[in-house]
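*Asks:* Just one file: final-v1.cif, with mmCIF, C-alpha atoms.
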```
data_final
loop_
_atom_site.label_atom_id
_atom_site.label_comp_id
_atom_site.auth_asym_id
_atom_site.auth_seq_id
_atom_site.Cartn_x
_atom_site.Cartn_y
_atom_site.Cartn_z
CA MET A 1 235.87 236.55 68.79
CA HIS A 2 238.10 237.37 65.85
CA ILE A 3 237.15 240.20 63.51
CA TYR A 4 238.81 240.63 60.11
CA ARG A 5 238.66 243.87 58.12
CA SER A 6 239.28 243.34 54.42
CA SER A 7 237.50 243.13 51.11
CA LEU A 8 235.06 240.25 51.49
CA LEU A 9 233.55 237.76 49.01
CA ARG A 10 230.74 235.35 49.80
CA PHE A 11 227.68 233.92 48.04
CA ALA A 12 223.92 234.11 48.37
CA ASP A 13 221.95 230.85 48.33
CA ASP A 14 221.12 231.36 44.66
CA GLY A 15 224.83 231.58 43.73
CA ARG A 16 225.06 235.37 43.40
CA ALA A 17 228.31 236.84 44.62
CA MET A 18 228.07 239.22 47.59
CA TYR A 19 230.99 241.63 47.85
CA ASP A 20 232.03 244.30 50.32
CA GLU A 21 235.05 246.37 49.37
CA ASP A 22 235.40 247.42 53.01
CA GLY A 23 234.15 244.22 54.58
CA LEU A 24 233.97 242.55 57.97
CA LEU A 25 234.20 238.88 58.84
CA ALA A 26 233.66 237.86 62.46
CA THR A 27 234.32 234.34 63.75
CA ALA A 28 233.80 232.71 67.14
CA PRO A 29 233.34 229.21 68.61
CA GLY A 30 229.94 227.67 67.91
CA ALA A 31 227.97 225.42 70.26
CA ASP A 32 230.16 222.50 69.23
CA GLY A 33 233.35 224.45 69.93
CA ARG A 34 234.22 224.74 66.24
CA GLU A 35 235.02 228.19 64.87
CA ARG A 36 232.18 229.53 62.77
CA VAL A 37 231.21 232.72 60.99
CA VAL A 38 229.01 234.87 63.24
CA ALA A 39 228.80 237.96 61.02
CA ALA A 40 229.80 238.99 57.50
CA GLY A 41 229.16 242.18 55.58
CA SER A 42 229.98 245.87 55.63
CA TRP A 43 232.55 247.07 58.16
CA GLN A 44 230.71 250.35 58.60
CA ALA A 45 227.37 248.67 59.26
CA LEU A 46 228.52 245.82 61.52
CA SER A 47 231.64 246.89 63.39
CA PRO A 48 230.18 249.33 65.98
CA GLN A 49 227.73 246.83 67.44
CA LEU A 50 230.10 243.83 67.24
CA LEU A 51 232.96 245.67 68.90
CA ARG A 52 230.65 246.92 71.62
CA GLN A 53 229.19 243.46 72.26
CA ALA A 54 232.57 241.74 72.30
CA GLY A 55 234.15 244.21 74.71
CA GLY A 56 237.71 243.17 75.43
CA GLU A 57 237.14 239.60 74.14
CA VAL A 58 237.95 240.43 70.55
CA VAL A 59 240.99 240.39 68.31
CA VAL A 60 240.81 242.67 65.26
CA HIS A 61 242.86 241.82 62.16
CA HIS A 62 243.27 244.62 59.61
CA LEU A 63 244.15 243.29 56.15
CA PRO A 64 244.34 246.29 53.81
CA GLY A 65 244.52 245.48 50.12
CA ARG A 66 243.53 241.85 50.71
CA LEU A 67 240.45 239.83 49.79
CA ILE A 68 238.93 237.28 52.17
CA ALA A 69 237.03 234.55 50.33
CA PRO A 70 235.66 231.10 51.16
CA GLY A 71 238.17 228.28 51.18
CA PHE A 72 238.10 226.36 47.91
CA VAL A 73 236.40 222.96 47.69
CA ASP A 74 237.94 220.40 45.31
CA LEU A 75 235.18 218.02 44.26
CA HIS A 76 237.41 215.28 42.81
CA ILE A 77 241.10 214.58 43.36
CA HIS A 78 243.38 211.52 43.65
CA TYR A 79 245.89 212.01 46.44
CA PRO A 80 247.98 208.95 45.40
CA GLN A 81 248.45 210.53 41.97
CA THR A 82 250.37 213.51 43.33
CA ASP A 83 253.50 212.24 41.58
CA VAL A 84 251.66 211.37 38.34
CA ILE A 85 251.02 215.00 37.36
CA GLY A 86 252.64 215.72 34.02
CA ALA A 87 253.09 212.07 32.97
CA PRO A 88 252.97 211.85 29.14
CA ALA A 89 250.40 209.44 27.67
CA PRO A 90 248.22 209.28 24.53
CA GLY A 91 244.98 208.92 26.50
CA LEU A 92 243.20 207.84 29.67
CA LEU A 93 243.57 204.07 29.51
CA PRO A 94 247.30 204.03 28.60
CA TRP A 95 247.88 206.70 31.25
CA LEU A 96 246.30 204.45 33.87
CA GLU A 97 248.26 201.40 32.76
CA ASN A 98 251.68 203.00 32.41
CA TYR A 99 251.69 205.52 35.25
CA THR A 100 248.76 205.51 37.63
CA PHE A 101 248.50 201.86 38.60
CA PRO A 102 252.27 201.41 39.15
CA HIS A 103 252.31 204.47 41.43
CA GLU A 104 249.22 203.40 43.35
CA SER A 105 250.62 199.92 43.98
CA ARG A 106 253.12 201.47 46.43
CA PHE A 107 250.43 202.55 48.89
CA HIS A 108 250.31 199.22 50.69
CA ASP A 109 253.29 200.68 52.59
CA ARG A 110 251.92 202.92 55.35
CA ALA A 111 255.11 204.94 55.66
CA TYR A 112 255.09 205.69 51.95
CA ALA A 113 251.38 206.58 52.05
CA ASP A 114 251.96 208.90 55.02
CA GLY A 115 254.71 210.75 53.17
CA VAL A 116 252.54 211.38 50.11
CA ALA A 117 249.51 212.30 52.23
CA ASP A 118 251.49 214.91 54.16
CA PHE A 119 252.83 216.50 50.99
CA PHE A 120 249.37 216.37 49.39
CA MET A 121 247.68 218.10 52.33
CA ASN A 122 250.30 220.81 52.45
CA GLU A 123 249.87 221.39 48.73
CA LEU A 124 246.10 221.71 49.10
CA LEU A 125 246.49 224.30 51.84
CA ARG A 126 249.19 226.18 49.94
CA ASN A 127 246.71 226.54 47.09
CA GLY A 128 243.79 227.60 49.28
CA VAL A 129 241.87 224.31 49.17
CA THR A 130 240.24 223.65 52.54
CA THR A 131 238.05 220.63 51.66
CA ALA A 132 238.46 217.87 49.08
CA LEU A 133 236.62 214.75 47.98
CA ALA A 134 239.58 212.43 47.45
CA PHE A 135 240.29 208.99 46.09
CA ALA A 136 242.78 206.92 48.05
CA THR A 137 243.95 203.56 46.57
CA SER A 138 242.66 200.01 46.98
CA HIS A 139 244.81 199.64 50.11
CA PRO A 140 243.12 200.42 53.47
CA THR A 141 246.43 201.88 54.68
CA SER A 142 246.07 204.64 52.08
CA VAL A 143 242.80 205.75 53.69
CA ASP A 144 244.28 205.71 57.18
CA ALA A 145 247.15 207.86 55.91
CA ILE A 146 245.04 210.61 54.34
CA MET A 147 242.50 210.68 57.17
CA THR A 148 245.27 210.97 59.75
CA ALA A 149 246.94 213.79 57.82
CA ALA A 150 243.63 215.66 57.49
CA GLN A 151 242.78 215.14 61.15
CA GLN A 152 246.14 216.58 62.22
CA ARG A 153 245.38 219.72 60.19
CA ARG A 154 241.74 219.95 61.42
CA MET A 155 240.57 219.86 57.81
CA ARG A 156 237.18 218.75 56.55
CA MET A 157 238.15 215.90 54.25
CA ILE A 158 236.16 213.15 52.52
CA ALA A 159 238.00 210.11 51.14
CA GLY A 160 237.58 206.42 50.46
CA LYS A 161 239.32 203.18 49.61
CA VAL A 162 239.14 202.40 45.90
CA LEU A 163 237.13 199.32 44.92
CA GLN A 164 238.57 197.52 41.87
CA ASP A 165 238.34 193.74 41.73
CA ARG A 166 238.81 193.16 37.99
CA ASN A 167 240.53 194.56 34.90
CA SER A 168 243.31 195.83 37.16
CA PRO A 169 246.91 194.67 37.55
CA ASP A 170 248.41 192.91 40.54
CA GLY A 171 249.24 195.37 43.26
CA VAL A 172 246.04 197.41 42.96
CA ARG A 173 243.37 194.77 42.27
CA ASP A 174 241.43 193.84 45.40
CA ASP A 175 239.30 190.88 46.46
CA THR A 176 235.56 191.33 46.16
CA GLU A 177 234.48 190.18 49.60
CA GLN A 178 237.47 191.60 51.47
CA SER A 179 237.15 194.95 49.72
CA LEU A 180 233.62 195.35 51.07
CA VAL A 181 234.64 194.26 54.56
CA ASP A 182 237.50 196.77 54.47
CA THR A 183 235.16 199.52 53.27
CA GLU A 184 232.73 198.97 56.12
CA THR A 185 235.57 198.88 58.65
CA LEU A 186 236.91 202.18 57.32
CA ILE A 187 233.44 203.77 57.43
CA GLN A 188 233.11 202.81 61.07
CA ARG A 189 236.64 204.03 61.84
CA TRP A 190 236.60 207.40 60.11
CA HIS A 191 233.16 208.62 59.03
CA GLY A 192 232.01 211.44 61.28
CA THR A 193 235.26 211.55 63.25
CA ASP A 194 236.15 215.21 63.78
CA ARG A 195 235.67 216.81 60.34
CA LEU A 196 236.18 213.63 58.32
CA GLY A 197 233.76 211.85 56.02
CA TYR A 198 233.91 208.56 54.15
CA ALA A 199 233.13 207.99 50.46
CA ILE A 200 232.31 204.57 49.02
CA THR A 201 234.63 204.55 46.01
CA PRO A 202 234.29 202.19 43.04
CA ARG A 203 237.11 203.30 40.76
CA PHE A 204 234.86 203.14 37.72
CA ALA A 205 232.42 200.56 36.42
CA PRO A 206 234.91 198.61 34.24
CA THR A 207 237.15 197.77 37.20
CA SER A 208 234.40 196.42 39.46
CA THR A 209 232.47 193.18 39.06
CA PRO A 210 228.70 193.27 39.41
CA ALA A 211 229.16 191.58 42.80
CA GLN A 212 231.41 194.39 44.03
CA LEU A 213 229.09 197.12 42.73
CA ARG A 214 226.12 195.34 44.33
CA GLY A 215 227.96 195.20 47.64
CA ALA A 216 228.88 198.88 47.35
CA GLY A 217 225.23 199.73 46.79
CA GLU A 218 224.22 197.71 49.85
CA LEU A 219 226.74 199.61 51.97
CA ALA A 220 225.45 202.90 50.54
CA ALA A 221 221.93 201.94 51.64
CA LYS A 222 223.12 200.85 55.09
CA TYR A 223 225.18 204.01 55.67
CA SER A 224 222.94 206.63 54.09
CA ASP A 225 224.98 209.65 55.21
CA VAL A 226 228.30 208.57 53.68
CA TRP A 227 229.34 209.81 50.26
CA ILE A 228 229.72 207.86 47.03
CA GLN A 229 232.28 208.77 44.38
CA SER A 230 233.34 207.33 41.05
CA HIS A 231 233.97 208.26 37.42
CA VAL A 232 231.50 208.24 34.56
CA ALA A 233 231.56 208.95 30.82
CA GLU A 234 235.02 210.50 30.76
CA ASN A 235 235.91 209.48 27.20
CA LEU A 236 234.37 207.55 24.32
CA ASP A 237 236.69 204.52 24.57
CA GLU A 238 235.65 204.11 28.20
CA VAL A 239 231.96 204.44 27.29
CA ALA A 240 232.31 201.72 24.65
CA TRP A 241 234.10 199.44 27.13
CA VAL A 242 231.30 199.82 29.67
CA LYS A 243 228.75 198.93 26.98
CA GLU A 244 230.62 195.67 26.36
CA LEU A 245 230.83 194.83 30.06
CA PHE A 246 227.26 195.82 30.99
CA PRO A 247 225.21 195.23 27.81
CA ALA A 248 221.88 195.28 29.66
CA ALA A 249 222.41 198.76 31.11
CA ARG A 250 220.71 201.67 29.36
CA SER A 251 223.86 203.78 29.63
CA TYR A 252 227.16 204.03 31.47
CA LEU A 253 225.56 206.21 34.15
CA ALA A 254 222.66 203.77 34.49
CA VAL A 255 225.11 201.06 35.59
CA TYR A 256 225.58 202.93 38.86
CA ASP A 257 221.86 203.53 39.27
CA ASP A 258 221.15 199.83 38.69
CA PHE A 259 223.34 199.01 41.70
CA GLY A 260 221.90 201.66 44.04
CA LEU A 261 224.83 204.06 43.75
CA MET A 262 223.01 207.23 42.74
CA ARG A 263 221.58 209.43 45.45
CA GLU A 264 222.27 212.63 47.32
CA ARG A 265 225.99 212.79 48.25
CA ALA A 266 226.96 210.76 45.15
CA VAL A 267 229.55 212.54 43.01
CA TYR A 268 230.58 211.37 39.53
CA ALA A 269 233.71 212.81 38.01
CA HIS A 270 233.68 214.10 34.42
CA SER A 271 230.10 213.33 33.27
CA ILE A 272 230.99 214.46 29.75
CA TRP A 273 229.38 211.91 27.44
CA LEU A 274 225.89 211.92 28.96
CA ASP A 275 222.62 212.15 27.09
CA ASP A 276 219.51 214.04 28.17
CA THR A 277 218.08 211.00 29.98
CA ASP A 278 221.31 210.65 31.95
CA ARG A 279 221.20 214.30 32.95
CA GLN A 280 217.61 213.94 34.12
CA LEU A 281 218.70 210.92 36.16
CA MET A 282 221.44 213.01 37.78
CA HIS A 283 218.87 215.66 38.67
CA ALA A 284 216.24 213.20 39.91
CA THR A 285 218.68 211.39 42.20
CA ARG A 286 220.44 214.61 43.32
CA SER A 287 223.73 213.07 42.27
CA ALA A 288 226.41 215.58 41.24
CA ALA A 289 229.04 215.97 38.55
CA ALA A 290 232.64 216.88 39.38
CA VAL A 291 233.76 219.01 36.43
CA SER A 292 237.47 218.42 35.82
CA PRO A 293 238.52 220.74 32.99
CA THR A 294 242.33 220.62 33.19
CA SER A 295 242.24 216.81 33.24
CA ASN A 296 239.77 216.67 30.35
CA LEU A 297 241.94 218.98 28.28
CA PHE A 298 245.16 217.13 29.19
CA LEU A 299 243.74 213.71 28.26
CA ALA A 300 241.62 215.05 25.35
CA SER A 301 238.55 213.44 26.89
CA GLY A 302 235.94 215.98 25.82
CA TYR A 303 234.12 219.06 27.12
CA PHE A 304 231.57 219.28 29.92
CA ASP A 305 228.35 220.78 28.57
CA TYR A 306 227.34 223.50 31.02
CA LEU A 307 224.27 224.59 29.06
CA LYS A 308 222.74 221.12 29.03
CA ALA A 309 223.67 220.55 32.66
CA ASP A 310 221.91 223.77 33.66
CA GLU A 311 218.92 222.90 31.49
CA ALA A 312 218.59 219.64 33.43
CA GLN A 313 219.20 221.44 36.75
CA MET A 314 222.13 219.17 37.52
CA LEU A 315 224.30 219.68 40.56
CA TYR A 316 227.97 220.21 39.76
CA GLY A 317 231.17 221.79 40.98
CA LEU A 318 234.79 222.17 39.97
CA ALA A 319 237.59 219.71 40.57
CA SER A 320 241.31 219.53 39.87
CA ASP A 321 241.38 215.75 39.22
CA VAL A 322 245.08 215.62 40.12
CA GLY A 323 247.00 213.73 38.74
CA GLY A 324 245.18 213.72 35.38
CA GLY A 325 244.56 217.34 36.23
CA MET A 326 247.45 219.67 35.61
CA SER A 327 247.50 221.71 38.81
CA PHE A 328 246.37 221.87 42.43
CA SER A 329 245.54 225.55 41.91
CA PRO A 330 241.83 226.45 41.83
CA PHE A 331 242.75 229.39 39.61
CA ARG A 332 244.15 227.06 36.96
CA THR A 333 241.00 224.96 37.21
CA MET A 334 238.67 227.97 36.89
CA GLN A 335 240.69 229.23 33.95
CA ALA A 336 240.33 225.88 32.18
CA ALA A 337 236.61 225.77 32.98
CA TYR A 338 236.19 229.09 31.22
CA VAL A 339 237.94 227.71 28.13
CA VAL A 340 235.81 224.55 28.23
CA GLY A 341 232.66 226.63 28.53
CA ARG A 342 233.62 228.73 25.52
CA GLU A 343 234.37 225.70 23.30
CA SER A 344 231.68 225.66 20.62
CA HIS A 345 232.60 222.96 18.09
CA ALA A 346 231.59 219.87 20.09
CA LYS A 347 228.74 221.62 21.92
CA ALA A 348 227.13 225.03 22.30
CA GLY A 349 229.55 227.55 23.76
CA GLN A 350 229.02 230.11 26.49
CA SER A 351 231.07 232.56 28.52
CA LEU A 352 230.89 231.57 32.17
CA SER A 353 230.93 234.61 34.43
CA PRO A 354 233.82 234.94 36.88
CA GLN A 355 231.35 234.92 39.76
CA HIS A 356 229.91 231.62 38.55
CA LEU A 357 233.37 230.10 38.08
CA TRP A 358 234.29 231.06 41.63
CA TRP A 359 230.95 229.73 42.95
CA GLN A 360 231.59 226.38 41.25
CA HIS A 361 234.78 225.95 43.27
CA THR A 362 233.33 227.08 46.62
CA ALA A 363 229.64 227.25 47.51
CA GLY A 364 228.58 225.32 44.40
CA ALA A 365 230.91 222.44 45.16
CA ALA A 366 229.70 222.46 48.77
CA LYS A 367 226.11 222.24 47.54
CA ALA A 368 227.05 219.30 45.31
CA LEU A 369 228.43 217.54 48.41
CA GLY A 370 225.27 218.21 50.41
CA LEU A 371 227.25 220.61 52.62
CA GLN A 372 225.59 223.87 51.65
CA GLY A 373 225.75 226.29 54.57
CA VAL A 374 228.54 224.27 56.21
CA ILE A 375 231.58 224.91 54.01
CA GLY A 376 232.37 226.82 50.82
CA ASN A 377 230.83 230.06 51.98
CA LEU A 378 231.20 232.79 54.59
CA GLN A 379 227.61 233.31 55.65
CA PRO A 380 226.77 233.18 59.38
CA GLY A 381 226.82 229.61 60.62
CA CYS A 382 229.40 228.36 58.14
CA GLU A 383 232.58 226.77 59.42
CA ALA A 384 235.35 229.38 59.31
CA ASP A 385 237.47 228.00 56.48
CA PHE A 386 238.70 230.92 54.39
CA VAL A 387 241.58 232.23 52.32
CA VAL A 388 243.32 235.59 52.40
CA ILE A 389 244.11 236.57 48.83
CA ASN A 390 246.53 239.23 47.62
CA PRO A 391 245.04 240.41 44.29
CA ARG A 392 248.37 242.16 43.57
CA ALA A 393 250.56 239.11 44.14
CA THR A 394 252.50 239.60 40.89
CA PRO A 395 253.31 242.72 38.87
CA LEU A 396 250.85 241.76 36.14
CA LEU A 397 248.09 240.95 38.66
CA ALA A 398 248.72 244.27 40.41
CA ARG A 399 248.42 246.13 37.12
CA LYS A 400 245.22 244.30 36.31
CA ALA A 401 243.71 244.85 39.78
CA GLU A 402 244.40 248.59 39.62
CA GLN A 403 242.37 248.82 36.40
CA ALA A 404 239.42 246.69 37.60
CA ARG A 405 236.23 248.72 37.45
CA ASN A 406 233.96 246.19 39.16
CA LEU A 407 233.91 242.80 40.90
CA ASP A 408 233.73 240.78 37.68
CA GLU A 409 236.88 242.42 36.32
CA LEU A 410 238.73 241.89 39.62
CA LEU A 411 237.76 238.21 39.88
CA PHE A 412 238.32 237.46 36.21
CA GLY A 413 241.81 238.94 36.28
CA MET A 414 242.69 236.52 39.08
CA VAL A 415 241.05 233.58 37.29
CA ILE A 416 243.02 234.16 34.11
CA LEU A 417 246.35 235.29 35.56
CA GLY A 418 246.37 233.62 38.96
CA ASP A 419 248.04 230.65 40.62
CA ASP A 420 249.20 229.66 44.11
CA ARG A 421 250.95 233.02 44.56
CA LEU A 422 247.58 234.67 45.12
CA ILE A 423 247.03 232.69 48.34
CA GLU A 424 248.60 234.60 51.21
CA GLN A 425 246.97 232.60 54.01
CA THR A 426 244.69 229.57 54.31
CA HIS A 427 242.67 229.58 57.51
CA ILE A 428 241.16 226.35 58.82
CA ALA A 429 238.32 226.52 61.36
CA GLU A 430 239.80 226.03 64.81
CA GLN A 431 238.40 223.62 67.37
CA VAL A 432 238.35 225.73 70.54
#
```
Let me see the structure of the file written as structure tokens.
*Replies:*
Amino acid sequence: MHIYRSSLLRFADDGRAMYDEDGLLATAPGADGRERVVAAGSWQALSPQLLRQAGGEVVVHHLPGRLIAPGFVDLHIHYPQTDVIGAPAPGLLPWLENYTFPHESRFHDRAYADGVADFFMNELLRNGVTTALAFATSHPTSVDAIMTAAQQRRMRMIAGKVLQDRNSPDGVRDDTEQSLVDTETLIQRWHGTDRLGYAITPRFAPTSTPAQLRGAGELAAKYSDVWIQSHVAENLDEVAWVKELFPAARSYLAVYDDFGLMRERAVYAHSIWLDDTDRQLMHATRSAAAVSPTSNLFLASGYFDYLKADEAQMLYGLASDVGGGMSFSPFRTMQAAYVVGRESHAKAGQSLSPQHLWWQHTAGAAKALGLQGVIGNLQPGCEADFVVINPRATPLLARKAEQARNLDELLFGMVILGDDRLIEQTHIAEQV
């Protein structure tokens, strides 16, 4: 057993933050041999009994001045777009054409894909991200590369081969029938191996024929425990394009529902330009939205409406959306989410609490993935993925932390002023 003494942050099932200034986190191998949380709470209340029970089979780690928190969960990210961050473009569609597709065309080369995947994984861990729902490219080799890199690091990772058999240039466009064969092969190869999961991944409705979307829906029905991921309603030009391509569909979101691609474990990035019927459909199917605020601001796509999402009881969580997103750092993403929430010209504005922002990137994102109680939290039974944070990582953060009068002020200071420098250690659950 390992016992950590530090400030400790975790979340109740209803999303409330639970905080112990002098906290204890105990981890030990579970029945499956994977390291799990066995106790979390007050050091004073828990340590005497735990230390007595463990006897000599315990290692105690004292981390004064540090905060242990759940590892961050990134609900939507493109690993092949690692080198597209910061590419200048007037909007989404030109950005795809001029930067994204040319970069992604290189992933047919396994050695190239391995190099990017290794850098990508290291960058996630450096920023405290312990699980991600990731797009690969249309090349099966790109999936093998990211799954191998995640497996080597013992990370819980979900990824999938992109499906795009039309409206895509040579080099990334795939063949309808072969793309579905490749998807099923990759599901059988990777889904449920160690901590890996597979996501059926239509890029977005305009780049898939009805035949490809129908086949994706059939695979989703056949493999009911895999994930589904795509994009929806990111910007108005895209929405108009979908209306031209699928004139019989009630809405952009309804295209996916018509092909059997909305259910639990389905995650749709952006979900900005939805109407109330769409939001009710998201709730009814238990599909989730991946809120991608830095990407939406960078590409001027629009603002996610938190108030209407909550009114509809939608599932959602935060995502970096690298490389449209501007940073791997969850702190940059939470900061942008606060700004998006406050925006009040295109929608009603609200001030998201720092606890809620943090929840969206940990336990909330895990809930959106159908992994509540498995990752994204530090309650007993959860896999022991966590980060050790130094709230005084920079002079300005230190000054802010010293003046914090409560948990909200401590967390909000890190949200607004923080970046990768806050992450002192990223701990991945060991397989013992």
*Asks:* Hey, which of A:Pro48, A:Gly15, A:Pro94, A:Gly30 ends up closest to Ile3 in chain A? Count all atoms listed in the file.
*Replies:*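 Residue with the minimum atom-to-atom distance to Ile3 in chain A: A:Pro48.
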*Asks:* Which is closer to Leu67 in chain A than all the others in A:Arg156, A:Lys347, A:Arg392, A:Lys367, using only C-alpha atoms?
*Replies:*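 Looking only at the distances to Leu67 in chain A, the closest residue turns out to be A:Arg392.
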*Asks:* I'd like the interatomic distance between CA of Ala28 in chain A and CA of Thr131 in chain A, to a tenth of an Å.
*Replies:*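 It comes out at 20.1 Å.
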*Asks:* Which neighbours of Phe412 in chain A fall inside 9 Å, counting only C-alpha atoms, when residues of the same chain fewer than 2 positions from it are skipped, and could you give them as a PyMOL selection string?
*Replies:* chain A and resi 335+353-355+407-410+414-417
*Asks:* Can you measure CA of Ala39 in chain A to CA of Ala150 in chain A for me? One decimal in Å is fine.
*Replies:*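 Those two atoms sit 27.0 Å apart.
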*Asks:* Could you state which residues are captured by the PyMOL selection byres ((chain A and resi 35) around 9) in this file, as a PyMOL selection string?
*Replies:* chain A and resi 27-30+32-34+36-37+382-385+428-432
*Asks:* I need the residue nearest Leu25 in chain A from this list: A:Pro391, A:Ser7, A:Gly86, A:His103. Use all atoms listed in the file for the distance.
*Replies:* A:Ser7
*Asks:* If we count all atoms listed in the file and set the cut-off at 10 Å, which residues sit around range 117-122 of chain A, ignoring sequence neighbours fewer than 5 positions away in its own chain? Please answer as a ChimeraX atom specification.
*Replies:* /A:78-83,111-112,127-132,136,142-150,152-153,155,157,328
*Asks:* Skipping near chain neighbours, those fewer than 6 positions away, what residues fall within 8 Å of range 248-255 of chain A using only C-alpha atoms, listed as JSON, numbers by chain?
*Replies:* {"A": [205, 232, 233, 239, 242, 274, 278]}
*Asks:* Between A:Ile77, A:Ala363, A:Leu352, A:Ala404, which residue has the minimum interatomic distance to Asp14 in chain A, considering only C-alpha atoms?
*Replies:*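 Of A:Ile77, A:Ala363, A:Leu352, A:Ala404, the one nearest Asp14 in chain A is A:Ala363, counting only C-alpha atoms.
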*Asks:* Could you tell me which residues the PyMOL selection byres ((chain A and resi 261-267) around 8) grabs in this file, written as a PyMOL selection string?
*Replies:* chain A and resi 75+216-217+220+225-230+256-260+268-269+282+285-290+368-370
*Asks:* Let me know the residues the PyMOL selection byres ((chain A and resi 188-198) around 6) catches in the file above, as an mmCIF file with C-alpha atoms, in the frame of the given file.
*Replies:*
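Wrote part05.cif, looks like this:
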```
data_model
loop_
_atom_site.group_PDB
_atom_site.id
_atom_site.type_symbol
_atom_site.label_atom_id
_atom_site.label_comp_id
_atom_site.auth_asym_id
_atom_site.auth_seq_id
_atom_site.Cartn_x
_atom_site.Cartn_y
_atom_site.Cartn_z
ATOM 1 C CA ARG A 156 237.180 218.750 56.550
ATOM 2 C CA MET A 157 238.150 215.900 54.250
ATOM 3 C CA ILE A 158 236.160 213.150 52.520
ATOM 4 C CA ALA A 159 238.000 210.110 51.140
ATOM 5 C CA GLY A 160 237.580 206.420 50.460
ATOM 6 C CA THR A 185 235.570 198.880 58.650
ATOM 7 C CA LEU A 186 236.910 202.180 57.320
ATOM 8 C CA ILE A 187 233.440 203.770 57.430
ATOM 9 C CA ALA A 199 233.130 207.990 50.460
ATOM 10 C CA VAL A 226 228.300 208.570 53.680
#
```
